[in-house]
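Shown below: upload.cif, with mmCIF, C-alpha atoms and all ligand atoms.
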```cif
data_query
loop_
_atom_site.label_atom_id
_atom_site.label_comp_id
_atom_site.auth_asym_id
_atom_site.auth_seq_id
_atom_site.Cartn_x
_atom_site.Cartn_y
_atom_site.Cartn_z
CA MET U 1 32.96 46.56 -30.08
CA GLN U 2 32.63 47.77 -33.67
CA HIS U 3 32.10 51.41 -32.65
CA LEU U 4 34.98 51.42 -30.26
CA LEU U 5 37.24 49.81 -32.83
CA LYS U 6 36.43 52.69 -35.15
CA ASP U 7 36.52 55.54 -32.63
CA ASP U 8 39.48 54.37 -30.60
CA PRO U 9 41.43 51.35 -31.81
CA ASP U 10 43.97 51.84 -28.99
CA VAL U 11 41.43 51.36 -26.23
CA ALA U 12 39.70 48.57 -28.16
CA ALA U 13 43.04 46.77 -28.50
CA LEU U 14 43.71 47.06 -24.78
CA ILE U 15 40.26 45.64 -23.99
CA LYS U 16 41.02 42.69 -26.26
CA LYS U 17 44.36 42.17 -24.54
CA GLU U 18 42.72 42.30 -21.12
CA GLU U 19 40.14 39.73 -22.25
CA SER U 20 42.85 37.36 -23.30
CA ARG U 21 44.85 38.00 -20.10
CA ILE U 22 41.79 37.02 -18.10
CA GLU U 23 41.10 33.90 -20.16
CA ASN U 24 44.73 32.73 -20.04
CA THR U 25 45.66 33.32 -16.41
CA LEU U 26 44.46 32.03 -13.04
CA ASP U 27 42.86 34.80 -11.00
CA LEU U 28 43.53 34.14 -7.33
CA ILE U 29 42.96 37.73 -6.22
CA ALA U 30 40.54 37.42 -3.31
CA ALA U 31 38.99 40.81 -4.12
CA GLU U 32 38.12 39.91 -7.72
CA ASN U 33 35.68 37.74 -9.57
CA HIS U 34 34.35 37.05 -13.03
CA SER U 35 30.89 38.55 -13.53
CA PRO U 36 28.24 36.86 -15.66
CA ARG U 37 27.80 38.33 -19.15
CA SER U 38 24.36 39.63 -18.16
CA ILE U 39 26.07 41.83 -15.57
CA MET U 40 28.38 43.21 -18.27
CA GLU U 41 25.39 43.95 -20.48
CA ALA U 42 23.61 45.82 -17.70
CA LEU U 43 26.81 47.75 -16.89
CA GLY U 44 27.34 48.71 -20.52
CA SER U 45 23.73 49.68 -21.04
CA ILE U 46 21.98 52.95 -21.92
CA PHE U 47 21.21 53.51 -18.23
CA ASN U 48 24.75 54.78 -17.92
CA THR U 49 23.60 58.06 -19.47
CA LYS U 50 20.72 58.76 -17.08
CA THR U 51 21.39 61.36 -14.44
CA ILE U 52 19.60 60.67 -11.19
CA GLU U 53 19.73 62.48 -7.88
CA GLY U 54 17.55 61.50 -4.96
CA TYR U 55 15.48 58.35 -4.66
CA PRO U 56 12.67 56.69 -6.68
CA GLY U 57 9.65 59.00 -6.80
CA LYS U 58 11.68 61.91 -5.36
CA ARG U 59 14.18 62.77 -8.08
CA PHE U 60 15.75 66.09 -8.98
CA HIS U 61 15.62 65.51 -12.76
CA ALA U 62 12.82 64.43 -15.08
CA GLY U 63 12.83 61.28 -17.19
CA CYS U 64 13.40 58.88 -14.32
CA VAL U 65 10.45 56.57 -14.92
CA TYR U 66 12.53 53.52 -15.84
CA ALA U 67 15.44 54.46 -13.61
CA ASP U 68 12.95 54.46 -10.74
CA GLU U 69 11.74 51.00 -11.70
CA ILE U 70 15.30 49.70 -11.89
CA GLU U 71 16.22 51.09 -8.49
CA GLU U 72 13.00 49.77 -6.94
CA LEU U 73 13.73 46.34 -8.39
CA ALA U 74 17.26 46.40 -6.94
CA ILE U 75 15.87 47.56 -3.59
CA SER U 76 13.17 44.91 -3.28
CA ARG U 77 15.39 42.07 -4.52
CA GLY U 78 18.31 43.09 -2.32
CA LYS U 79 16.15 43.40 0.80
CA GLU U 80 14.68 39.98 0.19
CA LEU U 81 18.01 38.31 -0.62
CA PHE U 82 19.69 39.51 2.57
CA ASP U 83 16.54 39.65 4.69
CA ALA U 84 17.26 43.31 5.45
CA GLU U 85 14.87 45.95 6.75
CA HIS U 86 16.34 48.73 4.62
CA ILE U 87 18.77 48.87 1.70
CA ASN U 88 20.56 51.61 -0.19
CA VAL U 89 21.88 50.52 -3.59
CA GLN U 90 23.48 53.84 -4.61
CA PRO U 91 27.02 53.75 -3.14
CA HIS U 92 29.71 53.79 -5.83
CA SER U 93 32.01 51.52 -3.85
CA GLY U 94 32.64 49.84 -0.54
CA THR U 95 34.50 52.87 0.72
CA SER U 96 31.67 55.28 -0.14
CA ALA U 97 29.19 52.92 1.52
CA ASN U 98 31.34 52.88 4.66
CA LEU U 99 31.71 56.67 4.69
CA ALA U 100 27.93 57.03 4.51
CA VAL U 101 27.47 54.62 7.41
CA TYR U 102 29.91 56.58 9.60
CA PHE U 103 28.35 59.94 8.70
CA SER U 104 24.76 58.69 9.08
CA VAL U 105 24.80 58.44 12.87
CA LEU U 106 28.19 59.75 14.03
CA ASN U 107 29.66 63.21 14.41
CA VAL U 108 33.12 64.18 13.24
CA GLY U 109 35.56 63.22 15.99
CA ASP U 110 33.47 60.35 17.37
CA ARG U 111 35.29 57.21 18.34
CA ILE U 112 35.12 54.00 16.29
CA LEU U 113 36.60 50.61 17.23
CA SER U 114 37.69 48.56 14.20
CA MET U 115 40.10 45.85 13.21
CA SER U 116 43.75 46.82 12.99
CA LEU U 117 44.92 47.17 9.40
CA PRO U 118 47.96 44.90 9.56
CA HIS U 119 45.74 42.32 11.23
CA GLY U 120 43.25 42.26 8.37
CA GLY U 121 41.20 45.47 8.51
CA HIS U 122 40.49 47.76 5.54
CA LEU U 123 41.80 51.23 4.61
CA SER U 124 38.31 52.63 5.15
CA HIS U 125 38.38 51.36 8.74
CA GLY U 126 40.60 54.21 9.87
CA HIS U 127 43.93 53.76 8.12
CA ARG U 128 46.03 56.87 8.60
CA ALA U 129 46.15 57.41 4.81
CA SER U 130 42.33 57.27 4.57
CA ILE U 131 40.09 60.28 5.07
CA THR U 132 38.17 58.12 7.58
CA SER U 133 40.99 58.56 10.08
CA ARG U 134 40.89 62.34 9.69
CA CYS U 135 37.17 62.47 10.40
CA PHE U 136 36.86 59.96 13.23
CA ASP U 137 38.90 58.81 16.19
CA PHE U 138 39.71 55.19 15.40
CA ILE U 139 41.09 52.66 17.80
CA HIS U 140 41.88 49.13 16.72
CA TYR U 141 41.54 45.59 17.96
CA SER U 142 43.82 42.81 16.79
CA VAL U 143 44.01 39.09 16.30
CA ASP U 144 45.43 36.80 18.96
CA ARG U 145 49.19 36.26 18.58
CA GLU U 146 48.95 32.50 18.75
CA THR U 147 45.64 31.61 17.07
CA GLU U 148 45.52 34.62 14.71
CA LEU U 149 41.77 34.75 15.36
CA ILE U 150 40.00 37.93 16.46
CA ASP U 151 40.61 38.38 20.17
CA TYR U 152 37.05 39.05 21.36
CA GLU U 153 38.29 39.57 24.92
CA GLU U 154 40.47 42.40 23.64
CA VAL U 155 37.51 43.82 21.71
CA ARG U 156 35.53 43.87 24.96
CA THR U 157 38.36 45.39 26.99
CA LEU U 158 38.95 48.16 24.43
CA ALA U 159 35.23 48.80 24.09
CA GLU U 160 34.81 49.16 27.84
CA GLN U 161 37.90 51.32 28.19
CA TYR U 162 37.39 53.64 25.20
CA ARG U 163 33.57 53.61 24.89
CA PRO U 164 33.41 53.84 21.06
CA LYS U 165 30.19 55.04 19.44
CA MET U 166 30.53 52.34 16.76
CA ILE U 167 32.22 48.95 16.45
CA VAL U 168 33.22 47.66 13.01
CA ALA U 169 33.24 43.92 12.35
CA GLY U 170 34.74 43.06 9.01
CA ALA U 171 38.03 42.57 7.25
CA SER U 172 39.96 42.57 4.02
CA SER U 173 42.23 39.71 4.82
CA TYR U 174 40.87 37.42 7.49
CA PRO U 175 40.33 33.82 6.41
CA ARG U 176 37.97 33.03 9.28
CA LEU U 177 34.34 33.62 10.16
CA ILE U 178 33.49 36.51 12.45
CA ASP U 179 31.30 35.89 15.49
CA TYR U 180 28.75 38.68 14.96
CA GLU U 181 26.67 37.55 17.91
CA LYS U 182 29.63 38.04 20.24
CA MET U 183 30.33 41.43 18.67
CA ALA U 184 26.67 42.41 19.11
CA VAL U 185 26.73 41.59 22.81
CA ILE U 186 29.86 43.71 23.29
CA ALA U 187 28.39 46.59 21.26
CA LYS U 188 25.16 46.48 23.23
CA ASP U 189 27.00 46.46 26.57
CA VAL U 190 28.78 49.72 25.69
CA SER U 191 25.84 51.23 23.75
CA ALA U 192 27.78 51.28 20.47
CA TYR U 193 26.37 50.76 17.00
CA LEU U 194 27.47 47.51 15.38
CA PHE U 195 28.51 47.81 11.75
CA ALA U 196 29.58 44.76 9.69
CA ASP U 197 31.60 45.34 6.53
CA MET U 198 31.10 42.11 4.57
CA ALA U 199 32.74 43.40 1.37
CA HIS U 200 34.66 40.20 0.71
CA ILE U 201 32.12 37.62 1.78
CA ALA U 202 28.75 38.98 0.57
CA GLY U 203 28.37 36.28 -2.10
CA LEU U 204 28.94 33.55 0.47
CA VAL U 205 26.40 35.21 2.76
CA ALA U 206 23.87 35.65 -0.06
CA ALA U 207 24.14 31.93 -0.86
CA LYS U 208 23.75 31.17 2.86
CA VAL U 209 26.91 29.06 2.94
CA ILE U 210 28.31 31.14 5.82
CA PRO U 211 26.40 33.00 8.57
CA SER U 212 24.90 36.42 7.85
CA PRO U 213 25.75 39.47 9.95
CA VAL U 214 22.41 41.10 9.06
CA PRO U 215 20.32 39.89 12.05
CA HIS U 216 22.96 41.06 14.54
CA CYS U 217 24.01 44.43 13.15
CA ASP U 218 22.66 47.95 12.90
CA PHE U 219 24.50 48.45 9.59
CA VAL U 220 26.01 46.12 7.00
CA THR U 221 27.89 47.18 3.87
CA PHE U 222 29.29 45.18 1.01
CA THR U 223 30.81 45.49 -2.42
CA THR U 224 29.13 43.83 -5.35
CA TYR U 225 32.29 42.81 -7.24
CA LYS U 226 34.08 40.36 -4.95
CA THR U 227 32.43 37.03 -4.07
CA MET U 228 29.12 38.72 -5.03
CA MET U 229 30.01 38.71 -8.79
CA GLY U 230 27.80 41.69 -9.62
CA GLY U 231 30.07 44.38 -11.03
CA ARG U 232 31.77 47.25 -9.24
CA GLY U 233 29.69 49.01 -6.62
CA GLY U 234 28.65 49.24 -2.98
CA VAL U 235 25.49 48.55 -0.99
CA ILE U 236 24.29 49.40 2.52
CA LEU U 237 21.82 47.34 4.57
CA CYS U 238 20.44 48.66 7.85
CA LYS U 239 17.68 48.50 10.38
CA GLN U 240 14.57 50.44 9.42
CA ASP U 241 15.20 53.02 12.16
CA TYR U 242 18.33 54.24 10.36
CA GLY U 243 16.94 54.06 6.82
CA LYS U 244 16.31 57.80 6.42
CA LYS U 245 19.67 58.73 7.93
CA ILE U 246 21.50 56.28 5.65
CA ASP U 247 19.71 57.53 2.55
CA SER U 248 20.56 61.15 3.22
CA ALA U 249 24.13 60.25 4.19
CA VAL U 250 24.58 58.59 0.77
CA PHE U 251 22.79 61.32 -1.19
CA PRO U 252 23.36 64.22 -0.79
CA GLY U 253 25.79 63.49 2.07
CA CYS U 254 28.61 61.59 0.42
CA GLN U 255 27.63 61.34 -3.25
CA GLY U 256 25.86 63.22 -5.99
CA THR U 257 24.31 61.23 -8.80
CA SER U 258 24.46 57.46 -8.64
CA ALA U 259 25.08 55.16 -11.61
CA VAL U 260 21.82 53.63 -12.87
CA ASN U 261 23.67 51.09 -15.05
CA VAL U 262 25.47 49.85 -11.93
CA ILE U 263 22.20 49.78 -9.98
CA ALA U 264 20.78 47.68 -12.84
CA ALA U 265 23.69 45.25 -12.47
CA LYS U 266 22.99 45.07 -8.73
CA ALA U 267 19.36 44.19 -9.49
CA VAL U 268 20.53 41.43 -11.85
CA ILE U 269 22.96 39.85 -9.38
CA PHE U 270 20.35 39.96 -6.60
CA LYS U 271 18.13 37.86 -8.89
CA LEU U 272 20.90 35.50 -10.02
CA ALA U 273 22.05 34.99 -6.43
CA ARG U 274 18.85 33.12 -5.70
CA ALA U 275 19.50 30.54 -8.42
CA GLN U 276 21.14 27.20 -7.73
CA HIS U 277 24.03 28.02 -10.06
CA PHE U 278 25.16 30.93 -7.88
CA VAL U 279 24.78 28.87 -4.71
CA ASP U 280 26.85 26.08 -6.27
CA ILE U 281 29.64 28.52 -7.18
CA GLN U 282 29.73 29.83 -3.59
CA LYS U 283 29.81 26.29 -2.17
CA GLN U 284 32.61 25.41 -4.55
CA THR U 285 34.46 28.59 -3.58
CA LEU U 286 34.45 27.47 0.06
CA SER U 287 35.49 23.89 -0.60
CA ASN U 288 38.16 24.96 -3.09
CA ALA U 289 39.63 27.29 -0.45
CA VAL U 290 39.84 24.46 2.08
CA LEU U 291 41.45 22.17 -0.49
CA LEU U 292 43.94 24.78 -1.65
CA ALA U 293 44.83 25.53 1.98
CA THR U 294 45.28 21.84 2.78
CA GLU U 295 47.48 21.24 -0.26
CA LEU U 296 49.69 24.23 0.54
CA ALA U 297 49.96 23.20 4.19
CA HIS U 298 51.10 19.73 3.05
CA LYS U 299 53.83 21.42 1.09
CA GLY U 300 55.03 23.11 4.26
CA TYR U 301 53.44 26.54 3.91
CA ARG U 302 52.31 28.28 7.08
CA LEU U 303 48.73 29.49 6.77
CA VAL U 304 47.62 32.45 8.84
CA SER U 305 45.15 31.09 11.44
CA GLY U 306 46.02 27.58 10.26
CA GLY U 307 43.37 27.36 7.54
CA THR U 308 40.27 28.97 6.12
CA GLU U 309 36.51 29.20 6.57
CA ASN U 310 35.83 31.53 3.65
CA HIS U 311 37.23 32.17 0.16
CA GLN U 312 40.63 33.38 1.39
CA VAL U 313 43.87 31.59 2.08
CA LEU U 314 46.49 33.83 3.66
CA VAL U 315 49.94 32.32 3.31
CA ASP U 316 52.80 33.49 5.53
CA LEU U 317 55.87 33.03 3.37
CA ALA U 318 58.47 34.17 5.90
CA ALA U 319 59.21 30.68 7.23
CA LYS U 320 59.96 29.56 3.67
CA GLY U 321 62.26 32.51 3.21
CA PHE U 322 60.15 34.23 0.53
CA ASP U 323 58.98 37.83 0.54
CA GLY U 324 55.40 38.74 -0.38
CA SER U 325 56.26 41.21 -3.16
CA ALA U 326 58.78 38.88 -4.79
CA ALA U 327 56.26 36.03 -4.59
CA GLU U 328 53.56 38.18 -6.21
CA GLN U 329 55.92 38.99 -9.10
CA THR U 330 57.08 35.41 -9.57
CA LEU U 331 53.51 34.15 -9.60
CA GLU U 332 52.44 36.83 -12.07
CA SER U 333 55.30 35.82 -14.35
CA VAL U 334 53.73 32.35 -14.64
CA GLY U 335 50.16 33.61 -15.03
CA ILE U 336 49.02 33.11 -11.44
CA ILE U 337 47.56 36.42 -10.31
CA ALA U 338 47.48 37.07 -6.56
CA ASN U 339 48.45 39.87 -4.23
CA ARG U 340 51.10 40.38 -1.60
CA ASN U 341 49.59 40.99 1.79
CA VAL U 342 50.67 41.81 5.30
CA VAL U 343 50.25 39.02 7.82
CA PRO U 344 49.54 39.73 11.51
CA ARG U 345 53.18 39.26 12.50
CA ASP U 346 54.21 42.07 10.10
CA ALA U 347 52.49 44.53 12.44
CA GLU U 348 55.65 44.50 14.54
CA HIS U 349 57.94 45.06 11.54
CA PRO U 350 56.77 48.20 9.71
CA GLY U 351 57.28 47.85 5.98
CA ALA U 352 57.41 44.06 6.01
CA VAL U 353 54.95 42.26 3.73
CA SER U 354 55.44 38.57 4.35
CA GLY U 355 52.28 37.13 2.93
CA ILE U 356 50.43 36.31 -0.19
CA ARG U 357 46.62 36.36 -0.18
CA LEU U 358 44.87 33.80 -2.35
CA GLY U 359 41.15 33.73 -3.11
CA THR U 360 39.15 30.99 -4.77
CA ALA U 361 36.08 32.98 -5.90
CA ALA U 362 37.15 33.67 -9.50
CA ILE U 363 38.55 30.21 -10.28
CA SER U 364 35.36 28.68 -8.86
CA ALA U 365 33.21 31.00 -10.96
CA ARG U 366 34.93 29.67 -14.10
CA GLY U 367 34.14 26.11 -13.03
CA MET U 368 37.28 24.83 -11.33
CA SER U 369 36.67 22.31 -8.60
CA GLY U 370 38.46 19.93 -6.23
CA GLN U 371 40.46 18.27 -8.98
CA GLU U 372 42.18 21.50 -9.95
CA MET U 373 43.26 22.59 -6.46
CA PRO U 374 46.22 20.19 -6.06
CA ARG U 375 47.39 21.28 -9.50
CA ILE U 376 47.18 24.96 -8.61
CA ALA U 377 48.96 24.39 -5.28
CA HIS U 378 51.68 22.52 -7.14
CA LEU U 379 52.07 25.33 -9.69
CA ILE U 380 52.31 27.95 -6.93
CA ASP U 381 54.86 25.95 -4.98
CA SER U 382 57.03 25.10 -8.00
CA ALA U 383 57.01 28.72 -9.15
CA LEU U 384 58.12 29.99 -5.75
CA VAL U 385 60.74 27.29 -5.27
CA ASN U 386 62.12 27.81 -8.79
CA SER U 387 61.78 31.58 -8.85
CA GLY U 388 65.34 31.97 -10.23
CA ASN U 389 65.00 29.35 -12.94
CA LYS U 390 63.67 30.88 -16.17
CA GLU U 391 63.24 27.54 -17.93
CA VAL U 392 61.23 25.94 -15.16
CA LEU U 393 59.13 29.10 -14.84
CA LYS U 394 58.42 28.99 -18.57
CA GLN U 395 57.13 25.41 -18.25
CA ILE U 396 54.99 26.36 -15.24
CA SER U 397 53.47 29.28 -17.14
CA LEU U 398 52.53 26.94 -20.01
CA ASP U 399 50.90 24.57 -17.50
CA ALA U 400 49.02 27.43 -15.81
CA GLU U 401 47.82 28.73 -19.18
CA ALA U 402 46.69 25.27 -20.29
CA LEU U 403 44.72 24.89 -17.07
CA ALA U 404 43.11 28.32 -17.45
CA ARG U 405 42.12 27.65 -21.06
CA LYS U 406 40.34 24.46 -20.05
CA PHE U 407 37.92 26.67 -18.09
CA PRO U 408 36.87 29.57 -20.32
CA VAL U 409 35.49 32.54 -18.39
CA TYR U 410 33.32 33.70 -21.30
CA ALA U 411 32.87 30.63 -23.47
C1 LIG F 501 37.33 45.50 -0.63
C2 LIG F 501 36.86 46.11 0.63
C3 LIG F 501 36.16 47.31 0.59
C4 LIG F 501 35.96 47.93 -0.76
O1 LIG F 501 36.13 49.17 -0.98
P1 LIG F 501 36.19 49.82 -2.46
O2 LIG F 501 35.99 51.23 -2.13
O3 LIG F 501 35.09 49.22 -3.26
O4 LIG F 501 37.54 49.51 -2.98
C5 LIG F 501 35.62 47.80 1.76
N1 LIG F 501 35.80 47.14 2.93
C6 LIG F 501 36.49 45.99 3.00
C7 LIG F 501 36.62 45.27 4.29
C8 LIG F 501 37.04 45.44 1.84
O5 LIG F 501 37.73 44.32 1.89
#
```
Kindly transcribe the structure held in the file into structure tokens.
Amino acid sequence: MQHLLKDDPDVAALIKKEESRIENTLDLIAAENHSPRSIMEALGSIFNTKTIEGYPGKRFHAGCVYADEIEELAISRGKELFDAEHINVQPHSGTSANLAVYFSVLNVGDRILSMSLPHGGHLSHGHRASITSRCFDFIHYSVDRETELIDYEEVRTLAEQYRPKMIVAGASSYPRLIDYEKMAVIAKDVSAYLFADMAHIAGLVAAKVIPSPVPHCDFVTFTTYKTMMGGRGGVILCKQDYGKKIDSAVFPGCQGTSAVNVIAAKAVIFKLARAQHFVDIQKQTLSNAVLLATELAHKGYRLVSGGTENHQVLVDLAAKGFDGSAAEQTLESVGIIANRNVVPRDAEHPGAVSGIRLGTAAISARGMSGQEMPRIAHLIDSALVNSGNKEVLKQISLDAEALARKFPVYA
């Protein structure tokens, strides 16, 4: 960073501080990960300065010879990795990818059936604060009260009653697998498009450790920075029939220029995802989640849906008398970074946030395995139980830091 140190010591110092924060804390944020250094190099590369509009071979600026090659590499690797008929690697984020999907085949005002936000859905699935809800007429399905699993019967009933043009399968906080085949049958029966948003789970899908939505869906989007480990961006996969519509919905529909440095990082992660090392991390992510869930359940925590089948563990703290926001702060004070989250039951109590969402992707990426999960569960539990005791919290933070330092992110 010698140039940055000279030009802007303030920003350089903050980057240094952030590096040490990451090395010395445990990242349990389900929506984060540690990217390989090669991803950082691609992201920080000269391609950041290239302006592109359009697609390889059909650009609106000259000088795109290598940018074209990069994008073509990302396209061919991504298609192969996910066995997709068509891919668009230009979306800046998951939300821009989702917007492009909606606008590719729908008209403003069309009806979309998606997962209810307090039950696990995402802002871009029609939250009232999101522009998506101002453009389309969203209705929502929920999880079953008892099992906290998606209620596919309710999905069918709503689909038959409201005849949506599109059904969205995908969630931000849902620790279970989604039955895309069931969703596809329902979508077909009401002539709706099926769109899977696999933002959180793309890395697990790429490694083939959980089922892929791609064979069953018209559209699939994902973000490259969660389990996928590839830096911040979005991607769309679709059936060949919709390829042209998707491409023009991304550019010029929803975006102008795309970021070639980010497309380069996407190309890199699509290559790395085929290597055993990536597959091992994803396998470890899954087994660490099950272990963490089991340990917390043994300590008396109530897990939403009773467990996990992906990288997420959603803990309902209400029964223990803790509040999600307070828990997030207490955990942060000891170097355990996670986020407060609504749990399905909160849907009936507006404003309540009773949960904490834990993810095992980042700790698995830095090499933690089964041995570390009981320790992490113990640290979480002791911090929450002793949240008023400064001395105990101090000791826990030293333990958490010692554990983190044993597994350097960037050794
Ligand atoms: C994280 C997430 C997104 C990501 O959107 P960004 O615009 O990249 O923040 C989209 N959909 C779902 C379901 C997500 O969980």
Open item on the list: At a cut-off of 7 Å and counting all atoms listed in the file, what residues surround ligand LIG 501 (chain F)? Please answer as a ChimeraX atom specification.
Closed with: /U:31,93-96,121-122,124,170-172,197-200,222-223,233-234
Mind writing the picked residues with C-alpha atoms as a short mmCIF file (atom, residue, chain, number, x, y, z; two decimals), in the coordinates of the input?
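Output (again.cif):
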```
data_model
loop_
_atom_site.label_atom_id
_atom_site.label_comp_id
_atom_site.auth_asym_id
_atom_site.auth_seq_id
_atom_site.Cartn_x
_atom_site.Cartn_y
_atom_site.Cartn_z
CA ALA U 31 38.99 40.81 -4.12
CA SER U 93 32.01 51.52 -3.85
CA GLY U 94 32.64 49.84 -0.54
CA THR U 95 34.50 52.87 0.72
CA SER U 96 31.67 55.28 -0.14
CA GLY U 121 41.20 45.47 8.51
CA HIS U 122 40.49 47.76 5.54
CA SER U 124 38.31 52.63 5.15
CA GLY U 170 34.74 43.06 9.01
CA ALA U 171 38.03 42.57 7.25
CA SER U 172 39.96 42.57 4.02
CA ASP U 197 31.60 45.34 6.53
CA MET U 198 31.10 42.11 4.57
CA ALA U 199 32.74 43.40 1.37
CA HIS U 200 34.66 40.20 0.71
CA PHE U 222 29.29 45.18 1.01
CA THR U 223 30.81 45.49 -2.42
CA GLY U 233 29.69 49.01 -6.62
CA GLY U 234 28.65 49.24 -2.98
#
```
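Between Gly351 (chain U) and the candidates U:Pro118, U:Ile336, U:Phe195, U:Pro408, the tightest atom-to-atom separation, counting only C-alpha atoms, involves U:Pro118.
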- [ ] Just the residues within 8 Å of Val334 (chain U), please, counting only C-alpha atoms, with nothing from its chain fewer than 4 positions along; format it as a list in words.
- [x]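 After dropping sequence-adjacent residues, the list is Thr330, Ala383, Leu393, Lys394, Ile396, Ser397, Leu398 and Ala400 of chain U.
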Selection to disk with C-alpha atoms, as an mmCIF file, in the coordinates of the input:
```
data_model
loop_
_atom_site.group_PDB
_atom_site.id
_atom_site.type_symbol
_atom_site.label_atom_id
_atom_site.label_comp_id
_atom_site.auth_asym_id
_atom_site.auth_seq_id
_atom_site.Cartn_x
_atom_site.Cartn_y
_atom_site.Cartn_z
ATOM 1 C CA THR U 330 57.080 35.410 -9.570
ATOM 2 C CA ALA U 383 57.010 28.720 -9.150
ATOM 3 C CA LEU U 393 59.130 29.100 -14.840
ATOM 4 C CA LYS U 394 58.420 28.990 -18.570
ATOM 5 C CA ILE U 396 54.990 26.360 -15.240
ATOM 6 C CA SER U 397 53.470 29.280 -17.140
ATOM 7 C CA LEU U 398 52.530 26.940 -20.010
ATOM 8 C CA ALA U 400 49.020 27.430 -15.810
#
```
- [ ] Can you work out the spacing between CA of Ser333 (chain U) and CA of Ser20 (chain U) in Å, to one decimal?
- [x]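 Those two atoms sit 15.4 Å apart.
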Task: Atomic separation - CA of Met115 (chain U) relative to CA of Asp179 (chain U), Å - done: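 Separation between CA of Asp179 (chain U) and CA of Met115 (chain U): 13.5 Å.
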Open item on the list: Taking only C-alpha atoms into account, name the residue in U:Tyr242, U:Tyr66, U:Phe103, U:Tyr225 that is nearest to Ile269 (chain U).
Closed with: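 Of U:Tyr242, U:Tyr66, U:Phe103, U:Tyr225, the one nearest Ile269 (chain U) is U:Tyr225, counting only C-alpha atoms.
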Open item on the list: I need every residue sitting at most 10 Å from the point (20.6, 34.3, -2.3) (coordinates as in the file, all atoms listed in the file considered), written as number ranges by chain.
Closed with: U: 77-78, 80-83, 202-209, 228, 269-276, 278-279
Could you list, as an mmCIF file with C-alpha atoms, in the frame of the given file, every residue within 7 Å of region 212-216 of chain U, counting all atoms listed in the file and ignoring same-chain residues fewer than 5 positions away?
```
data_model
loop_
_atom_site.group_PDB
_atom_site.id
_atom_site.type_symbol
_atom_site.label_atom_id
_atom_site.label_comp_id
_atom_site.auth_asym_id
_atom_site.auth_seq_id
_atom_site.Cartn_x
_atom_site.Cartn_y
_atom_site.Cartn_z
ATOM 1 C CA ALA U 84 17.260 43.310 5.450
ATOM 2 C CA TYR U 180 28.750 38.680 14.960
ATOM 3 C CA GLU U 181 26.670 37.550 17.910
ATOM 4 C CA ALA U 184 26.670 42.410 19.110
ATOM 5 C CA ALA U 196 29.580 44.760 9.690
ATOM 6 C CA VAL U 205 26.400 35.210 2.760
#
```
Task: Residue contacts of region 314-319 of chain U (6 Å, all atoms listed in the file) excluding same-chain residues fewer than 4 positions away, as an MDAnalysis selection string - done: chainID U and resid 302:304 354:357
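CA of Ile112 (chain U) sits 9.4 Å away from CA of Tyr193 (chain U).
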Give one line per residue of region 291-336 of chain U that approaches region 359-382 of chain U to at most 8 Å, naming the two atoms of the closest pair and their distance in Å to one decimal, counting only C-alpha atoms; sort by chain then ascending residue number and deliver it as JSON lines.
```
{"residue": "U:Leu291", "atom": "CA", "partner": "U:Met373", "partner_atom": "CA", "distance": 6.3}
{"residue": "U:Leu292", "atom": "CA", "partner": "U:Met373", "partner_atom": "CA", "distance": 5.3}
{"residue": "U:Glu295", "atom": "CA", "partner": "U:Pro374", "partner_atom": "CA", "distance": 6.0}
{"residue": "U:Leu296", "atom": "CA", "partner": "U:Ala377", "partner_atom": "CA", "distance": 5.9}
{"residue": "U:Lys299", "atom": "CA", "partner": "U:Asp381", "partner_atom": "CA", "distance": 7.6}
{"residue": "U:His311", "atom": "CA", "partner": "U:Gly359", "partner_atom": "CA", "distance": 5.3}
{"residue": "U:Gln312", "atom": "CA", "partner": "U:Gly359", "partner_atom": "CA", "distance": 4.5}
{"residue": "U:Val313", "atom": "CA", "partner": "U:Gly359", "partner_atom": "CA", "distance": 6.2}
{"residue": "U:Leu331", "atom": "CA", "partner": "U:Ile380", "partner_atom": "CA", "distance": 6.9}
{"residue": "U:Ile336", "atom": "CA", "partner": "U:Ile380", "partner_atom": "CA", "distance": 7.6}
```
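Considering the residues U:Tyr55, U:Tyr174, U:Tyr152, U:Phe251 and counting all atoms listed in the file, Ala100 (chain U) has its shortest atom-to-atom contact with U:Phe251.
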Task: Shortest interatomic distance to Ile87 (chain U) - which of U:Arg405, U:Lys239, U:His277, U:Arg345, counting only C-alpha atoms - done: U:Lys239
Do a neighbour search on Leu43 (chain U) at 6 Å with all atoms listed in the file, toss out local chain neighbours closer than 3 positions, and write the hits as a tab-separated table (two decimals) with C-alpha atoms, in the coordinates of the input.
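out_25.tsv, freshly written:
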```tsv
chain	number	residue	atom	x	y	z
U	40	MET	CA	28.38	43.21	-18.27
U	261	ASN	CA	23.67	51.09	-15.05
U	262	VAL	CA	25.47	49.85	-11.93
U	265	ALA	CA	23.69	45.25	-12.47
```
Open item on the list: Just checking: using all atoms listed in the file, which residue out of U:Ser76, U:Asn24, U:Thr51, U:Ser114 ends up closest to Cys64 (chain U)?
Closed with: U:Thr51
TODO: Go through U:Leu73, U:Ile52, U:Val190, U:Ile178 one by one, measure the shortest atom-to-atom distance of each to Ala159 (chain U) using all atoms listed in the file, and give the residue with the smallest value.
DONE: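 Of U:Leu73, U:Ile52, U:Val190, U:Ile178, the one nearest Ala159 (chain U) is U:Val190, counting all atoms listed in the file.
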Task: Near-Pro56 (chain U) list (9 Å; only C-alpha atoms; drop same-chain fewer than 2 positions) as number ranges by chain - done: U: 54, 58-59, 64-65, 67-69, 71-72
